[in-house]
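Visitor: To start, I am sharing the structure in question, which I have written as structure tokens.
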Amino acid sequence: MWMAWSAFIWGNESFITMEEYGEELYKNPRGIGCIACHGESGKGKVIATYKEKGKLKVLRGPDIRNLDFKVFYERTLQDKGVMPKYHLTNDEIKAIYLYLKTRTNIPDLKPRTKDVQTGQVEAKSDEENAP
């Protein structure tokens, strides 16, 4: 079933871009989204504050915007700390990474647009990416 679904998503007849798929996964991949700990843009945010031995502690999701893909991939698969293990596929991890790169304007992956009539996905020019 998944193979048919992924072929539909990534085939020539795709109805969403990989960035759009990554956005949906980022928001809610398996019950709790990356957004809950890493924030809207991946910058990270406070998850909880608590006291331990009388000292105030802060549990914060790390900034994941500037990780290269290899580090991002490895950390996504790690089973350590408070990071849930999502059992994401390689394509899902790539889609989330691409979404983060388009959200944060990091130049190694440029945002893409999809022509509604042709279905072609093209990289935006640097001028179109400017704020």
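Order determines the names: the first chain of the structure tokens is A, the second B, and so forth; residues in each chain are numbered 1 upward, and ligands are numbered 1 upward as they are shown.
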For stretch 86-98 of chain A, please output as a ChimeraX atom specification all residues within 6 Å (counting only C-alpha atoms; exclusion window: fewer than 5 positions along the same chain).

Guide: /A:18-19,22,26

Visitor: For the residues selected in the previous step, produce a file with N, CA and C atoms as an mmCIF file, in the first residue's frame.

Guide:
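Full text of part.cif as output:
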data_model
loop_
_atom_site.group_PDB
_atom_site.id
_atom_site.type_symbol
_atom_site.label_atom_id
_atom_site.label_comp_id
_atom_site.auth_asym_id
_atom_site.auth_seq_id
_atom_site.Cartn_x
_atom_site.Cartn_y
_atom_site.Cartn_z
ATOM 1 N N MET A 18 7.219 17.978 -2.897
ATOM 2 C CA MET A 18 7.925 17.337 -1.797
ATOM 3 C C MET A 18 7.967 18.264 -0.579
ATOM 4 N N GLU A 19 8.063 19.577 -0.814
ATOM 5 C CA GLU A 19 8.064 20.539 0.286
ATOM 6 C C GLU A 19 6.728 20.522 1.031
ATOM 7 N N GLY A 22 6.636 17.464 3.084
ATOM 8 C CA GLY A 22 7.511 17.684 4.233
ATOM 9 C C GLY A 22 6.857 18.550 5.288
ATOM 10 N N TYR A 26 6.262 17.468 9.045
ATOM 11 C CA TYR A 26 6.857 18.278 10.105
ATOM 12 C C TYR A 26 5.813 18.633 11.162
#

Visitor: So that I can check the surroundings of A:His38, please list as a list in words every protein, DNA and RNA residue that reaches within 8 Å of it, counting only C-alpha atoms and ignoring chain neighbours fewer than 5 positions away.

Guide: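 Close residues of A:His38: Lys43, Gly44, Lys45, Gly61, Pro62, Asp63 and Ile64 of chain A.
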
Visitor: Can I get the selected residues back with C-alpha atoms, as a PDB file, in the first residue's frame?

Guide:
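Output file part-v2.pdb is given in full below:
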ATOM      1  CA  LYS A  43      14.596  27.223  15.521  1.00  0.00           C
ATOM      2  CA  GLY A  44      13.735  25.219  18.637  1.00  0.00           C
ATOM      3  CA  LYS A  45      11.536  26.167  21.548  1.00  0.00           C
ATOM      4  CA  GLY A  61      14.110  21.512  21.533  1.00  0.00           C
ATOM      5  CA  PRO A  62      17.293  22.263  19.593  1.00  0.00           C
ATOM      6  CA  ASP A  63      17.639  24.485  16.546  1.00  0.00           C
ATOM      7  CA  ILE A  64      17.653  22.150  13.532  1.00  0.00           C
TER       8      ILE A  64
END

Visitor: Using atom CA of A:Glu23 and atom CA of A:Tyr99 as the two end points, give the distance in Å to one decimal.

Guide: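 The value is 5.8 Å.
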
Visitor: If you count only C-alpha atoms, which residues fall within 10 Å of A:Gly33, apart from same-chain ones fewer than 6 positions away, as a list in words?

Guide: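 Within the cut-off, the hits are Glu24, Leu25, Tyr26, Lys27, Gly39, Pro84 and Tyr86 of chain A.
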